[in-house]
file structure06.cif (mmCIF, C-alpha atoms)
data_entry
#
loop_
_atom_site.group_PDB
_atom_site.id
_atom_site.type_symbol
_atom_site.label_atom_id
_atom_site.label_comp_id
_atom_site.auth_asym_id
_atom_site.auth_seq_id
_atom_site.Cartn_x
_atom_site.Cartn_y
_atom_site.Cartn_z
ATOM 1 C CA MET A 28 0.000 0.000 0.000
ATOM 2 C CA ALA A 29 1.021 3.584 -0.373
ATOM 3 C CA PRO A 30 0.151 5.249 2.920
ATOM 4 C CA PHE A 31 -0.770 8.563 1.324
ATOM 5 C CA PRO A 32 2.760 9.200 0.042
ATOM 6 C CA THR A 33 3.853 12.027 -2.190
ATOM 7 C CA THR A 34 6.924 10.905 -4.048
ATOM 8 C CA LEU A 35 8.734 7.885 -5.495
ATOM 9 C CA PHE A 36 10.825 5.481 -3.435
ATOM 10 C CA LEU A 37 12.536 2.308 -4.563
ATOM 11 C CA LEU A 38 14.355 0.727 -1.613
ATOM 12 C CA PHE A 39 13.085 -1.267 1.336
ATOM 13 C CA LEU A 40 13.930 -1.144 5.020
ATOM 14 C CA THR A 41 13.728 -4.206 7.186
ATOM 15 C CA VAL A 42 12.192 -3.237 10.507
ATOM 16 C CA PRO A 43 12.845 -5.691 13.328
ATOM 17 C CA LEU A 44 9.785 -7.832 13.874
ATOM 18 C CA CYS A 45 8.377 -7.647 17.326
ATOM 19 C CA SER A 46 7.844 -10.236 20.004
ATOM 20 C CA ALA A 47 6.809 -7.451 22.348
ATOM 21 C CA THR A 48 4.750 -8.229 25.422
ATOM 22 C CA LEU A 49 2.470 -5.237 25.061
ATOM 23 C CA GLY A 50 -0.802 -5.226 26.954
ATOM 24 C CA VAL A 51 -4.304 -3.820 26.596
ATOM 25 C CA GLN A 52 -4.378 -2.935 30.306
ATOM 26 C CA TYR A 53 -0.889 -1.427 30.461
ATOM 27 C CA TYR A 54 -2.119 1.977 31.723
ATOM 28 C CA ASP A 55 -5.054 0.766 33.836
ATOM 29 C CA GLN A 56 -3.074 1.368 37.031
ATOM 30 C CA ARG A 57 -0.349 3.668 35.732
ATOM 31 C CA CYS A 58 -2.656 6.239 34.080
ATOM 32 C CA PRO A 59 -6.291 5.100 34.109
ATOM 33 C CA HIS A 60 -7.659 8.080 32.148
ATOM 34 C CA ALA A 61 -4.990 7.998 29.420
ATOM 35 C CA GLU A 62 -7.186 6.713 26.602
ATOM 36 C CA ASN A 63 -10.028 9.078 27.431
ATOM 37 C CA ILE A 64 -7.646 12.062 27.481
ATOM 38 C CA ILE A 65 -6.338 11.077 24.043
ATOM 39 C CA TYR A 66 -9.840 10.479 22.667
ATOM 40 C CA GLN A 67 -11.178 13.842 23.836
ATOM 41 C CA THR A 68 -8.151 15.632 22.382
ATOM 42 C CA ILE A 69 -8.512 13.889 19.012
ATOM 43 C CA ARG A 70 -12.266 14.437 18.921
ATOM 44 C CA ASN A 71 -12.032 18.152 19.661
ATOM 45 C CA ALA A 72 -9.275 18.664 17.106
ATOM 46 C CA SER A 73 -11.269 16.801 14.449
ATOM 47 C CA LEU A 74 -14.304 19.013 15.028
ATOM 48 C CA TYR A 75 -12.176 22.080 14.255
ATOM 49 C CA ASP A 76 -10.166 20.497 11.434
ATOM 50 C CA PRO A 77 -11.773 17.675 9.400
ATOM 51 C CA LYS A 78 -8.353 16.747 7.971
ATOM 52 C CA VAL A 79 -7.151 15.498 11.361
ATOM 53 C CA PRO A 80 -8.428 11.883 11.106
ATOM 54 C CA ALA A 81 -6.709 11.153 7.790
ATOM 55 C CA ARG A 82 -3.527 12.866 8.956
ATOM 56 C CA ILE A 83 -3.324 10.943 12.225
ATOM 57 C CA LEU A 84 -3.911 7.608 10.477
ATOM 58 C CA ARG A 85 -1.239 8.401 7.895
ATOM 59 C CA MET A 86 1.123 9.482 10.678
ATOM 60 C CA PHE A 87 0.765 6.055 12.327
ATOM 61 C CA PHE A 88 1.552 4.215 9.074
ATOM 62 C CA HIS A 89 4.560 6.384 8.347
ATOM 63 C CA ASP A 90 5.870 5.986 11.888
ATOM 64 C CA CYS A 91 5.569 2.208 12.015
ATOM 65 C CA PHE A 92 7.030 1.625 8.542
ATOM 66 C CA ILE A 93 10.302 3.344 9.480
ATOM 67 C CA ARG A 94 12.110 1.914 12.534
ATOM 68 C CA GLY A 95 8.847 0.462 13.835
ATOM 69 C CA CYS A 96 6.190 2.116 16.004
ATOM 70 C CA ASP A 97 8.553 4.235 18.111
ATOM 71 C CA ALA A 98 7.282 7.801 17.496
ATOM 72 C CA SER A 99 10.447 8.608 15.521
ATOM 73 C CA VAL A 100 8.236 10.437 13.009
ATOM 74 C CA LEU A 101 7.392 13.010 15.700
ATOM 75 C CA LEU A 102 10.965 14.128 16.385
ATOM 76 C CA ASP A 103 11.962 17.555 15.052
ATOM 77 C CA SER A 104 15.119 18.057 13.039
ATOM 78 C CA THR A 105 18.135 19.554 14.795
ATOM 79 C CA PRO A 106 21.160 21.402 13.390
ATOM 80 C CA GLU A 107 23.009 18.069 13.471
ATOM 81 C CA ASN A 108 20.236 15.820 12.139
ATOM 82 C CA LYS A 109 17.470 16.000 9.544
ATOM 83 C CA ALA A 110 14.583 13.978 11.001
ATOM 84 C CA GLU A 111 11.969 11.723 9.378
ATOM 85 C CA LYS A 112 9.260 14.382 9.339
ATOM 86 C CA ASP A 113 11.444 16.420 6.953
ATOM 87 C CA GLY A 114 11.986 13.526 4.545
ATOM 88 C CA PRO A 115 10.289 14.002 1.132
ATOM 89 C CA PRO A 116 7.244 11.734 1.704
ATOM 90 C CA ASN A 117 6.596 13.227 5.138
ATOM 91 C CA ILE A 118 6.670 16.916 4.220
ATOM 92 C CA SER A 119 2.905 16.698 3.719
ATOM 93 C CA LEU A 120 2.262 15.044 7.096
ATOM 94 C CA GLY A 121 0.254 17.194 9.470
ATOM 95 C CA ALA A 122 -1.603 17.307 12.793
ATOM 96 C CA PHE A 123 1.543 16.951 14.918
ATOM 97 C CA TYR A 124 0.076 19.672 17.128
ATOM 98 C CA VAL A 125 -2.753 17.296 18.087
ATOM 99 C CA ILE A 126 -0.289 14.760 19.461
ATOM 100 C CA ASP A 127 1.523 17.601 21.269
ATOM 101 C CA ASP A 128 -1.752 18.674 22.865
ATOM 102 C CA ALA A 129 -2.559 15.137 24.051
ATOM 103 C CA LYS A 130 0.967 14.749 25.432
ATOM 104 C CA THR A 131 0.746 18.029 27.380
ATOM 105 C CA LYS A 132 -2.504 16.888 29.013
ATOM 106 C CA LEU A 133 -1.118 13.438 29.776
ATOM 107 C CA GLU A 134 2.016 14.880 31.385
ATOM 108 C CA LYS A 135 -0.213 16.879 33.739
ATOM 109 C CA ALA A 136 -2.335 13.837 34.594
ATOM 110 C CA CYS A 137 0.422 11.196 34.733
ATOM 111 C CA PRO A 138 3.947 12.597 34.383
ATOM 112 C CA THR A 139 6.555 10.542 32.481
ATOM 113 C CA THR A 140 4.149 7.652 31.974
ATOM 114 C CA VAL A 141 2.455 7.544 28.552
ATOM 115 C CA SER A 142 4.813 7.229 25.594
ATOM 116 C CA CYS A 143 4.422 9.251 22.417
ATOM 117 C CA ALA A 144 4.435 5.972 20.466
ATOM 118 C CA ASP A 145 1.393 4.771 22.391
ATOM 119 C CA ILE A 146 -0.361 8.117 21.893
ATOM 120 C CA VAL A 147 -0.032 7.774 18.106
ATOM 121 C CA ALA A 148 -1.249 4.156 18.160
ATOM 122 C CA ILE A 149 -4.281 5.001 20.308
ATOM 123 C CA ALA A 150 -5.048 8.124 18.279
ATOM 124 C CA ALA A 151 -4.991 6.109 15.039
ATOM 125 C CA ARG A 152 -7.592 3.727 16.456
ATOM 126 C CA ASP A 153 -9.716 6.634 17.668
ATOM 127 C CA VAL A 154 -9.809 8.488 14.330
ATOM 128 C CA VAL A 155 -10.896 5.295 12.555
ATOM 129 C CA ALA A 156 -13.652 4.576 15.091
ATOM 130 C CA MET A 157 -14.952 8.152 15.202
ATOM 131 C CA SER A 158 -15.103 8.188 11.386
ATOM 132 C CA GLY A 159 -17.442 5.200 11.361
ATOM 133 C CA GLY A 160 -14.862 2.425 11.206
ATOM 134 C CA PRO A 161 -14.041 -0.446 13.558
ATOM 135 C CA TYR A 162 -12.878 -0.162 17.153
ATOM 136 C CA TRP A 163 -10.165 -2.396 18.575
ATOM 137 C CA ASN A 164 -8.270 -2.668 21.839
ATOM 138 C CA VAL A 165 -4.835 -1.111 21.351
ATOM 139 C CA LEU A 166 -1.927 -3.015 22.879
ATOM 140 C CA LYS A 167 0.176 -0.582 24.893
ATOM 141 C CA GLY A 168 3.564 -0.317 26.546
ATOM 142 C CA ARG A 169 5.735 0.986 23.687
ATOM 143 C CA LYS A 170 8.720 3.183 24.443
ATOM 144 C CA ASP A 171 9.928 6.104 22.338
ATOM 145 C CA GLY A 172 12.887 5.903 19.992
ATOM 146 C CA ARG A 173 15.841 8.288 20.013
ATOM 147 C CA VAL A 174 16.801 8.025 16.315
ATOM 148 C CA SER A 175 15.015 9.701 13.389
ATOM 149 C CA ARG A 176 16.648 10.097 9.974
ATOM 150 C CA ALA A 177 15.060 11.752 6.943
ATOM 151 C CA ASN A 178 16.989 9.594 4.473
ATOM 152 C CA GLU A 179 15.313 6.443 5.810
ATOM 153 C CA THR A 180 11.913 7.633 4.543
ATOM 154 C CA ILE A 181 13.023 6.411 1.129
ATOM 155 C CA ASN A 182 11.827 3.035 2.422
ATOM 156 C CA LEU A 183 8.150 4.005 2.522
ATOM 157 C CA PRO A 184 6.053 2.273 -0.160
ATOM 158 C CA ALA A 185 5.342 4.599 -3.068
ATOM 159 C CA PRO A 186 2.065 5.310 -4.887
ATOM 160 C CA SER A 187 3.686 4.050 -8.097
ATOM 161 C CA PHE A 188 4.577 0.618 -6.686
ATOM 162 C CA ASN A 189 3.200 -2.518 -8.280
ATOM 163 C CA THR A 190 1.748 -5.282 -6.130
ATOM 164 C CA SER A 191 4.966 -7.321 -6.027
ATOM 165 C CA GLN A 192 6.852 -4.323 -4.646
ATOM 166 C CA LEU A 193 4.116 -3.695 -2.103
ATOM 167 C CA ILE A 194 4.039 -7.328 -0.960
ATOM 168 C CA GLN A 195 7.825 -7.276 -0.473
ATOM 169 C CA SER A 196 7.672 -4.015 1.482
ATOM 170 C CA PHE A 197 4.994 -5.402 3.785
ATOM 171 C CA ALA A 198 6.763 -8.762 4.136
ATOM 172 C CA ASN A 199 9.849 -6.918 5.377
ATOM 173 C CA ARG A 200 7.688 -5.824 8.286
ATOM 174 C CA GLY A 201 6.130 -9.213 8.974
ATOM 175 C CA LEU A 202 2.874 -8.369 7.209
ATOM 176 C CA GLY A 203 1.150 -10.503 4.571
ATOM 177 C CA ALA A 204 -0.912 -9.902 1.434
ATOM 178 C CA LYS A 205 -4.157 -9.723 3.407
ATOM 179 C CA ASP A 206 -2.614 -7.088 5.689
ATOM 180 C CA LEU A 207 -1.507 -5.148 2.613
ATOM 181 C CA VAL A 208 -5.006 -5.062 1.130
ATOM 182 C CA ALA A 209 -6.685 -4.357 4.474
ATOM 183 C CA LEU A 210 -4.324 -1.532 5.481
ATOM 184 C CA SER A 211 -4.570 -0.009 2.008
ATOM 185 C CA GLY A 212 -8.210 0.521 2.952
ATOM 186 C CA GLY A 213 -6.941 3.355 5.167
ATOM 187 C CA HIS A 214 -7.056 5.350 1.945
ATOM 188 C CA THR A 215 -10.807 5.580 2.520
ATOM 189 C CA LEU A 216 -9.829 8.623 4.604
ATOM 190 C CA GLY A 217 -7.634 10.979 2.706
ATOM 191 C CA PHE A 218 -6.578 13.213 -0.132
ATOM 192 C CA SER A 219 -3.638 13.128 -2.512
ATOM 193 C CA HIS A 220 -1.903 15.942 -4.339
ATOM 194 C CA CYS A 221 -1.503 15.570 -8.094
ATOM 195 C CA SER A 222 2.204 14.780 -7.818
ATOM 196 C CA SER A 223 1.443 11.298 -6.467
ATOM 197 C CA PHE A 224 -0.594 10.153 -9.465
ATOM 198 C CA GLU A 225 -0.046 12.566 -12.390
ATOM 199 C CA GLY A 226 2.295 10.038 -14.000
ATOM 200 C CA ARG A 227 -0.828 8.007 -14.794
ATOM 201 C CA LEU A 228 -2.471 10.931 -16.590
ATOM 202 C CA HIS A 229 0.146 12.276 -18.997
ATOM 203 C CA ASN A 230 2.743 10.482 -21.162
ATOM 204 C CA PHE A 231 2.074 7.232 -19.332
ATOM 205 C CA SER A 232 3.899 5.070 -21.887
ATOM 206 C CA SER A 233 4.971 5.002 -25.514
ATOM 207 C CA VAL A 234 1.647 3.356 -26.330
ATOM 208 C CA HIS A 235 -0.780 5.075 -23.951
ATOM 209 C CA ASP A 236 -0.908 8.714 -22.892
ATOM 210 C CA THR A 237 -3.115 7.678 -19.934
ATOM 211 C CA ASP A 238 -2.859 4.565 -17.759
ATOM 212 C CA PRO A 239 -5.267 2.114 -19.444
ATOM 213 C CA THR A 240 -6.291 0.628 -16.088
ATOM 214 C CA LEU A 241 -7.931 3.970 -15.210
ATOM 215 C CA ASN A 242 -11.645 4.395 -15.868
ATOM 216 C CA ALA A 243 -11.744 6.718 -18.914
ATOM 217 C CA VAL A 244 -14.302 9.165 -17.488
ATOM 218 C CA PHE A 245 -12.490 9.255 -14.145
ATOM 219 C CA ALA A 246 -9.169 9.803 -15.901
ATOM 220 C CA GLN A 247 -10.615 12.805 -17.710
ATOM 221 C CA SER A 248 -11.846 14.338 -14.450
ATOM 222 C CA LEU A 249 -8.395 13.836 -12.904
ATOM 223 C CA LYS A 250 -6.761 15.511 -15.899
ATOM 224 C CA GLN A 251 -8.973 18.549 -15.392
ATOM 225 C CA LYS A 252 -7.894 18.761 -11.746
ATOM 226 C CA CYS A 253 -4.248 18.051 -12.568
ATOM 227 C CA PRO A 254 -3.461 19.665 -15.939
ATOM 228 C CA LYS A 255 0.028 19.708 -17.386
ATOM 229 C CA PRO A 256 1.637 22.054 -16.531
ATOM 230 C CA ASN A 257 -0.097 22.517 -13.186
ATOM 231 C CA SER A 258 0.465 25.741 -11.263
ATOM 232 C CA ASP A 259 -1.838 24.841 -8.347
ATOM 233 C CA GLN A 260 0.282 23.140 -5.686
ATOM 234 C CA ASN A 261 -2.844 22.306 -3.657
ATOM 235 C CA ALA A 262 -4.691 20.544 -6.470
ATOM 236 C CA GLY A 263 -5.483 16.875 -6.050
ATOM 237 C CA GLN A 264 -8.120 14.245 -5.516
ATOM 238 C CA PHE A 265 -9.868 12.569 -2.594
ATOM 239 C CA LEU A 266 -8.954 8.890 -2.527
ATOM 240 C CA ASP A 267 -12.565 7.864 -1.921
ATOM 241 C CA PRO A 268 -15.802 9.804 -2.656
ATOM 242 C CA THR A 269 -16.823 9.452 1.022
ATOM 243 C CA SER A 270 -13.442 10.670 2.247
ATOM 244 C CA SER A 271 -14.569 11.682 5.737
ATOM 245 C CA VAL A 272 -16.259 8.330 6.420
ATOM 246 C CA PHE A 273 -14.348 5.123 7.100
ATOM 247 C CA ASP A 274 -16.076 2.584 4.848
ATOM 248 C CA ASN A 275 -15.343 0.103 2.052
ATOM 249 C CA ASN A 276 -15.955 2.507 -0.844
ATOM 250 C CA TYR A 277 -12.219 2.555 -1.532
ATOM 251 C CA TYR A 278 -12.428 -1.052 -2.761
ATOM 252 C CA LYS A 279 -15.524 -0.361 -4.841
ATOM 253 C CA GLN A 280 -13.617 2.475 -6.501
ATOM 254 C CA ILE A 281 -10.771 0.123 -7.395
ATOM 255 C CA ILE A 282 -13.161 -2.391 -8.964
ATOM 256 C CA SER A 283 -14.606 0.476 -11.049
ATOM 257 C CA GLY A 284 -11.137 1.452 -12.292
ATOM 258 C CA LYS A 285 -11.118 4.541 -10.095
ATOM 259 C CA GLY A 286 -8.199 3.806 -7.806
ATOM 260 C CA VAL A 287 -6.248 7.068 -7.611
ATOM 261 C CA PHE A 288 -2.803 5.549 -7.078
ATOM 262 C CA ALA A 289 -1.251 3.014 -9.434
ATOM 263 C CA SER A 290 -0.429 1.001 -6.306
ATOM 264 C CA ASP A 291 -4.099 0.884 -5.338
ATOM 265 C CA GLN A 292 -5.317 -0.150 -8.782
ATOM 266 C CA SER A 293 -2.633 -2.839 -9.103
ATOM 267 C CA LEU A 294 -4.150 -4.732 -6.168
ATOM 268 C CA LEU A 295 -7.172 -5.718 -8.273
ATOM 269 C CA ASN A 296 -5.235 -7.342 -11.090
ATOM 270 C CA ASP A 297 -2.812 -9.459 -9.072
ATOM 271 C CA TYR A 298 -3.820 -13.032 -8.240
ATOM 272 C CA ARG A 299 -2.464 -12.641 -4.697
ATOM 273 C CA THR A 300 -4.655 -9.665 -3.817
ATOM 274 C CA GLY A 301 -7.516 -9.362 -6.316
ATOM 275 C CA LEU A 302 -9.914 -11.725 -4.562
ATOM 276 C CA ILE A 303 -9.317 -9.947 -1.250
ATOM 277 C CA VAL A 304 -10.150 -6.581 -2.875
ATOM 278 C CA LYS A 305 -13.395 -8.038 -4.202
ATOM 279 C CA ALA A 306 -14.276 -9.591 -0.844
ATOM 280 C CA PHE A 307 -13.782 -6.283 0.969
ATOM 281 C CA ALA A 308 -15.762 -4.413 -1.700
ATOM 282 C CA SER A 309 -18.740 -6.703 -1.177
ATOM 283 C CA GLY A 310 -18.411 -7.106 2.589
ATOM 284 C CA GLN A 311 -17.728 -4.089 4.785
ATOM 285 C CA THR A 312 -18.011 -6.157 7.968
ATOM 286 C CA GLN A 313 -15.217 -8.454 6.801
ATOM 287 C CA PHE A 314 -13.084 -5.453 5.830
ATOM 288 C CA PHE A 315 -13.555 -3.869 9.257
ATOM 289 C CA LYS A 316 -12.587 -7.117 11.015
ATOM 290 C CA GLU A 317 -9.448 -7.582 8.909
ATOM 291 C CA PHE A 318 -8.458 -3.915 9.102
ATOM 292 C CA ALA A 319 -8.578 -3.976 12.901
ATOM 293 C CA ALA A 320 -6.534 -7.204 13.019
ATOM 294 C CA SER A 321 -3.933 -5.775 10.629
ATOM 295 C CA MET A 322 -3.671 -2.519 12.590
ATOM 296 C CA ILE A 323 -2.865 -4.538 15.711
ATOM 297 C CA LYS A 324 -0.165 -6.410 13.772
ATOM 298 C CA LEU A 325 1.244 -3.177 12.340
ATOM 299 C CA GLY A 326 1.271 -1.679 15.828
ATOM 300 C CA ASN A 327 3.598 -4.500 16.932
ATOM 301 C CA VAL A 328 6.263 -3.811 14.300
ATOM 302 C CA GLY A 329 9.655 -2.848 15.708
ATOM 303 C CA VAL A 330 8.298 -1.937 19.130
ATOM 304 C CA LEU A 331 10.748 -0.743 21.781
ATOM 305 C CA GLU A 332 9.955 -2.124 25.228
ATOM 306 C CA LYS A 333 13.068 -0.707 26.831
ATOM 307 C CA GLY A 334 13.789 2.951 26.418
ATOM 308 C CA GLU A 335 12.410 6.305 27.360
ATOM 309 C CA VAL A 336 9.052 8.001 27.629
ATOM 310 C CA ARG A 337 9.612 11.400 26.043
ATOM 311 C CA LEU A 338 8.503 14.453 28.007
ATOM 312 C CA ASN A 339 8.103 16.331 24.709
ATOM 313 C CA CYS A 340 7.205 14.259 21.652
ATOM 314 C CA ARG A 341 9.297 16.495 19.407
ATOM 315 C CA ALA A 342 12.612 15.949 21.215
ATOM 316 C CA VAL A 343 14.487 13.125 22.934
ATOM 317 C CA ASN A 344 14.894 13.464 26.675
#
call {"tool": "encode", "arguments": {"input": "structure06.cif", "output": "structure tokens"}}
result
Amino acid sequence: MAPFPTTLFLLFLTVPLCSATLGVQYYDQRCPHAENIIYQTIRNASLYDPKVPARILRMFFHDCFIRGCDASVLLDSTPENKAEKDGPPNISLGAFYVIDDAKTKLEKACPTTVSCADIVAIAARDVVAMSGGPYWNVLKGRKDGRVSRANETINLPAPSFNTSQLIQSFANRGLGAKDLVALSGGHTLGFSHCSSFEGRLHNFSSVHDTDPTLNAVFAQSLKQKCPKPNSDQNAGQFLDPTSSVFDNNYYKQIISGKGVFASDQSLLNDYRTGLIVKAFASGQTQFFKEFAASMIKLGNVGVLEKGEVRLNCRAVN
């Protein structure tokens, strides 16, 4: 899947797979109101800014895919180090202030207790549930990483990837083809700038000007939004017509030839993923069940159980 990326990447990073002993009840005694504090913060922010849910979900993907779920994506660059959030695919990440707000409230309620990595994982669950998607119990007990390097973001899956590249990228993180298709459904919330898919619209190949897997009418509407040359840096397309609701329309769009990213559309035509796309398109309940299960698996990737709980999510202690 391409977790709402904005540029092309070709290499893969192997994140250590996790045998972490995280727990659902980790904060029950340590900070009993932690999840409610995070939920209220996320909910209030989303009421003021409807882009928050998609941005938080994307933040979680981009954090876990680089160095595992250790909140390395939250660290600010320093004069000595350019951090992940300033890597090319992460320039368009947003809503860091929401995590900062939750952390400030948690430090008042339970100082030095709730990690930034856990805040992001819980927040990702909350934005899915409050947008109409599934709810799951988040395993907790992650610690925060101390390393964040912009050049490692080259290992994020790109919107131009084919299914084989996507499967390899996910396999490097201990995730299978079903996880790939399920987590790609996160694109039901979100928007992409033209730069992530304009290669499908103009000079696609020596034979086709436009990607032939694109629905012709849809391709024409995308060309109008993303002309060549395009002077509007904010132009783009919602990845799903119900982009503020977490549902299975994303898969229905793919079956209709209206997947925005080449990576999304490729899932339909590969024997390893096509049947799963069709199953999720026809059964939202099954999609919700598999998405929740895959989010729990993703949340276990590269987890640090020994380390620090940052006092400020933007800087190491």
call {"tool": "closest_residue", "arguments": {"input": "structure06.cif", "among": "A:Phe318, A:Phe188, A:Tyr277, A:Phe265", "to": "A:Ser293", "atoms": "only C-alpha atoms"}}
result
A:Phe188
call {"tool": "closest_residue", "arguments": {"input": "structure06.cif", "among": "A:Ser290, A:Ser223, A:Thr300, A:Gln313", "to": "A:Gln192", "atoms": "only C-alpha atoms"}}
result
A:Ser290
call {"tool": "residues_around", "arguments": {"input": "structure06.cif", "residues": "stretch 115-121 of chain A", "least_positions_apart": "3", "cutoff": "8 Å", "atoms": "all atoms listed in the file", "output": "PDB file with C-alpha atoms, in the frame of the given file"}}
result
ATOM      1  CA  PRO A  32       2.760   9.200   0.042  1.00  0.00           C
ATOM      2  CA  THR A  33       3.853  12.027  -2.190  1.00  0.00           C
ATOM      3  CA  THR A  34       6.924  10.905  -4.048  1.00  0.00           C
ATOM      4  CA  VAL A  79      -7.151  15.498  11.361  1.00  0.00           C
ATOM      5  CA  ARG A  82      -3.527  12.866   8.956  1.00  0.00           C
ATOM      6  CA  ILE A  83      -3.324  10.943  12.225  1.00  0.00           C
ATOM      7  CA  ARG A  85      -1.239   8.401   7.895  1.00  0.00           C
ATOM      8  CA  MET A  86       1.123   9.482  10.678  1.00  0.00           C
ATOM      9  CA  HIS A  89       4.560   6.384   8.347  1.00  0.00           C
ATOM     10  CA  GLU A 111      11.969  11.723   9.378  1.00  0.00           C
ATOM     11  CA  LYS A 112       9.260  14.382   9.339  1.00  0.00           C
ATOM     12  CA  ALA A 177      15.060  11.752   6.943  1.00  0.00           C
ATOM     13  CA  THR A 180      11.913   7.633   4.543  1.00  0.00           C
ATOM     14  CA  ILE A 181      13.023   6.411   1.129  1.00  0.00           C
ATOM     15  CA  LEU A 183       8.150   4.005   2.522  1.00  0.00           C
TER      16      LEU A 183
END
call {"tool": "axis_aligned_box", "arguments": {"input": "structure06.cif", "around": "stretch 85-88 of chain A", "padding_each_side": "5 Å", "output": "JSON"}}
result
{"center_x": 0.2, "center_y": 6.8, "center_z": 10.1, "size_x": 12.8, "size_y": 15.3, "size_z": 14.4}
call {"tool": "closest_residue", "arguments": {"input": "structure06.cif", "among": "A:Ala110, A:Val272, A:Leu325, A:Cys143", "to": "A:Gly159", "atoms": "all atoms listed in the file"}}
result
A:Val272
call {"tool": "atom_distance", "arguments": {"input": "structure06.cif", "atom1": "atom CA of A:Ala72", "atom2": "atom CA of A:Cys221"}}
result
26.6 Å
call {"tool": "resolve_selection", "arguments": {"input": "structure06.cif", "expression": "the PyMOL selection byres ((chain A and resi 288) around 9)", "output": "PyMOL selection string"}}
result
chain A and resi 29+186-188+219+223-224+227+266+285-287+289-293
call {"tool": "atom_distance", "arguments": {"input": "structure06.cif", "atom1": "atom CA of A:Gln311", "atom2": "atom CA of A:Leu295"}}
result
16.9 Å
call {"tool": "resolve_selection", "arguments": {"input": "structure06.cif", "expression": "the PyMOL selection byres ((chain A and resi 304-307) around 12)", "output": "ChimeraX atom specification"}}
result
/A:204-212,274-283,286,291-303,308-318
call {"tool": "resolve_selection", "arguments": {"input": "structure06.cif", "expression": "the PyMOL selection byres ((chain A and resi 145-153) around 7)", "output": "list of chain:residue names"}}
result
A:Ile65, A:Tyr66, A:Ile69, A:Ile83, A:Leu84, A:Phe87, A:Val141, A:Ser142, A:Cys143, A:Ala144, A:Val154, A:Val155, A:Ala156, A:Met157, A:Tyr162, A:Trp163, A:Val165, A:Lys167, A:Gly168, A:Arg169, A:Gly326
call {"tool": "atom_distance", "arguments": {"input": "structure06.cif", "atom1": "atom CA of A:Gly172", "atom2": "atom CA of A:Leu216"}}
result
27.6 Å
call {"tool": "closest_residue", "arguments": {"input": "structure06.cif", "among": "A:Phe273, A:Ala243, A:Ile93, A:Asp127", "to": "A:Ser196", "atoms": "only C-alpha atoms"}}
result
A:Ile93
